[in-house]
file my_file35.pdb (PDB, C-alpha atoms, pLDDT in the B column)
ATOM      1  CA  MET U   1     -36.629  65.501 -31.836  1.00 53.00           C
ATOM      2  CA  SER U   2     -38.790  66.272 -34.808  1.00 57.00           C
ATOM      3  CA  THR U   3     -37.660  66.902 -38.337  1.00 55.00           C
ATOM      4  CA  PRO U   4     -38.634  70.137 -40.056  1.00 54.00           C
ATOM      5  CA  THR U   5     -41.421  69.771 -42.576  1.00 61.00           C
ATOM      6  CA  GLY U   6     -42.082  72.259 -45.310  1.00 60.00           C
ATOM      7  CA  GLY U   7     -39.788  74.868 -43.789  1.00 61.00           C
ATOM      8  CA  PRO U   8     -36.288  76.079 -44.543  1.00 64.00           C
ATOM      9  CA  ALA U   9     -33.390  73.669 -45.052  1.00 60.00           C
ATOM     10  CA  PRO U  10     -31.889  72.018 -41.955  1.00 54.00           C
ATOM     11  CA  GLN U  11     -29.345  74.142 -40.087  1.00 69.00           C
ATOM     12  CA  THR U  12     -26.708  71.456 -39.452  1.00 69.00           C
ATOM     13  CA  GLY U  13     -25.317  68.454 -41.287  1.00 68.00           C
ATOM     14  CA  ALA U  14     -26.589  66.088 -38.604  1.00 69.00           C
ATOM     15  CA  GLN U  15     -30.128  67.352 -39.043  1.00 71.00           C
ATOM     16  CA  ALA U  16     -29.795  66.890 -42.804  1.00 68.00           C
ATOM     17  CA  VAL U  17     -28.698  63.275 -42.337  1.00 64.00           C
ATOM     18  CA  ILE U  18     -31.579  62.595 -39.969  1.00 62.00           C
ATOM     19  CA  ALA U  19     -34.075  64.302 -42.260  1.00 66.00           C
ATOM     20  CA  SER U  20     -32.923  62.328 -45.290  1.00 62.00           C
ATOM     21  CA  ALA U  21     -32.612  58.955 -43.543  1.00 59.00           C
ATOM     22  CA  ALA U  22     -35.215  56.374 -44.458  1.00 64.00           C
ATOM     23  CA  ASP U  23     -34.783  54.704 -41.052  1.00 64.00           C
ATOM     24  CA  PRO U  24     -33.159  56.964 -38.424  1.00 59.00           C
ATOM     25  CA  ALA U  25     -32.140  53.929 -36.359  1.00 62.00           C
ATOM     26  CA  ARG U  26     -29.779  52.861 -39.175  1.00 62.00           C
ATOM     27  CA  ARG U  27     -28.117  56.229 -39.837  1.00 63.00           C
ATOM     28  CA  PRO U  28     -24.651  55.984 -41.434  1.00 65.00           C
ATOM     29  CA  ASP U  29     -23.171  58.647 -39.154  1.00 66.00           C
ATOM     30  CA  VAL U  30     -23.339  56.594 -35.955  1.00 68.00           C
ATOM     31  CA  LEU U  31     -19.989  55.137 -34.921  1.00 69.00           C
ATOM     32  CA  LEU U  32     -19.452  51.576 -33.705  1.00 69.00           C
ATOM     33  CA  ARG U  33     -22.785  50.295 -34.986  1.00 72.00           C
ATOM     34  CA  VAL U  34     -22.910  46.936 -36.721  1.00 72.00           C
ATOM     35  CA  ARG U  35     -25.339  47.063 -39.583  1.00 73.00           C
ATOM     36  CA  ARG U  36     -27.161  43.772 -39.943  1.00 76.00           C
ATOM     37  CA  GLU U  37     -29.924  42.619 -42.224  1.00 80.00           C
ATOM     38  CA  GLU U  38     -33.484  43.434 -41.235  1.00 82.00           C
ATOM     39  CA  GLY U  39     -34.818  41.102 -38.566  1.00 82.00           C
ATOM     40  CA  HIS U  40     -31.384  39.754 -37.590  1.00 82.00           C
ATOM     41  CA  GLU U  41     -30.720  39.776 -33.854  1.00 83.00           C
ATOM     42  CA  ILE U  42     -27.678  38.657 -31.910  1.00 84.00           C
ATOM     43  CA  SER U  43     -27.937  35.611 -29.703  1.00 89.00           C
ATOM     44  CA  ALA U  44     -28.743  36.157 -26.027  1.00 93.00           C
ATOM     45  CA  TRP U  45     -25.744  33.957 -25.215  1.00 96.00           C
ATOM     46  CA  TRP U  46     -23.405  36.777 -26.301  1.00 93.00           C
ATOM     47  CA  MET U  47     -24.923  39.051 -23.655  1.00 94.00           C
ATOM     48  CA  ILE U  48     -24.766  36.297 -21.025  1.00 97.00           C
ATOM     49  CA  GLY U  49     -21.136  35.605 -21.906  1.00 97.00           C
ATOM     50  CA  ALA U  50     -20.279  39.311 -21.759  1.00 97.00           C
ATOM     51  CA  PHE U  51     -21.874  39.570 -18.312  1.00 98.00           C
ATOM     52  CA  VAL U  52     -19.952  36.560 -17.020  1.00 98.00           C
ATOM     53  CA  GLY U  53     -16.692  37.847 -18.527  1.00 98.00           C
ATOM     54  CA  VAL U  54     -17.035  41.341 -17.082  1.00 98.00           C
ATOM     55  CA  SER U  55     -18.031  39.916 -13.704  1.00 98.00           C
ATOM     56  CA  ALA U  56     -14.953  37.665 -13.700  1.00 97.00           C
ATOM     57  CA  VAL U  57     -12.668  40.586 -14.552  1.00 97.00           C
ATOM     58  CA  VAL U  58     -14.176  42.694 -11.758  1.00 95.00           C
ATOM     59  CA  ILE U  59     -13.692  39.885  -9.225  1.00 94.00           C
ATOM     60  CA  ILE U  60     -10.088  39.350 -10.333  1.00 94.00           C
ATOM     61  CA  VAL U  61      -9.281  43.052 -10.150  1.00 93.00           C
ATOM     62  CA  MET U  62     -10.931  43.374  -6.733  1.00 92.00           C
ATOM     63  CA  SER U  63      -8.826  40.489  -5.421  1.00 90.00           C
ATOM     64  CA  PHE U  64      -5.781  42.772  -5.806  1.00 90.00           C
ATOM     65  CA  VAL U  65      -7.317  45.484  -3.583  1.00 88.00           C
ATOM     66  CA  PRO U  66      -5.678  45.351  -0.132  1.00 87.00           C
ATOM     67  CA  GLY U  67      -7.721  45.062   3.041  1.00 80.00           C
ATOM     68  CA  GLY U  68      -9.927  42.205   1.909  1.00 62.00           C
ATOM     69  CA  ALA U  69     -10.647  39.115   3.995  1.00 58.00           C
TER      70      ALA U  69
END
call {"tool": "encode", "arguments": {"input": "my_file35.pdb", "output": "structure tokens"}}
result
Amino acid sequence: MSTPTGGPAPQTGAQAVIASAADPARRPDVLLRVRREEGHEISAWWMIGAFVGVSAVVIIVMSFVPGGA
């Protein structure tokens, strides 16, 4: 999606926010986004832990499904 340049004003509020944003990846109108300092990344262990946790929940829930061995 490209921003209008040198033309009329944006048609919607969302386009105005995108057009005026210095960094579109850090727009203030996006819900559930954690805004961290530049260069800060979360640890890979959080993603590994989330994978293990979700996998464990799926296995536990599937153990309640009848017809299993």
call {"tool": "atom_distance", "arguments": {"input": "my_file35.pdb", "atom1": "CA of Trp46 in chain U", "atom2": "CA of Val34 in chain U"}}
result
14.6 Å
call {"tool": "atom_distance", "arguments": {"input": "my_file35.pdb", "atom1": "CA of Val52 in chain U", "atom2": "CA of Gly67 in chain U"}}
result
25.0 Å
call {"tool": "atom_distance", "arguments": {"input": "my_file35.pdb", "atom1": "CA of Phe51 in chain U", "atom2": "CA of Arg36 in chain U"}}
result
22.7 Å
call {"tool": "axis_aligned_box", "arguments": {"input": "my_file35.pdb", "around": "range 41-51 of chain U", "padding_each_side": "8 Å", "output": "lines of an AutoDock Vina configuration file"}}
result
center_x = -25.5
center_y = 36.9
center_z = -26.1
size_x = 26.4
size_y = 21.8
size_z = 31.5
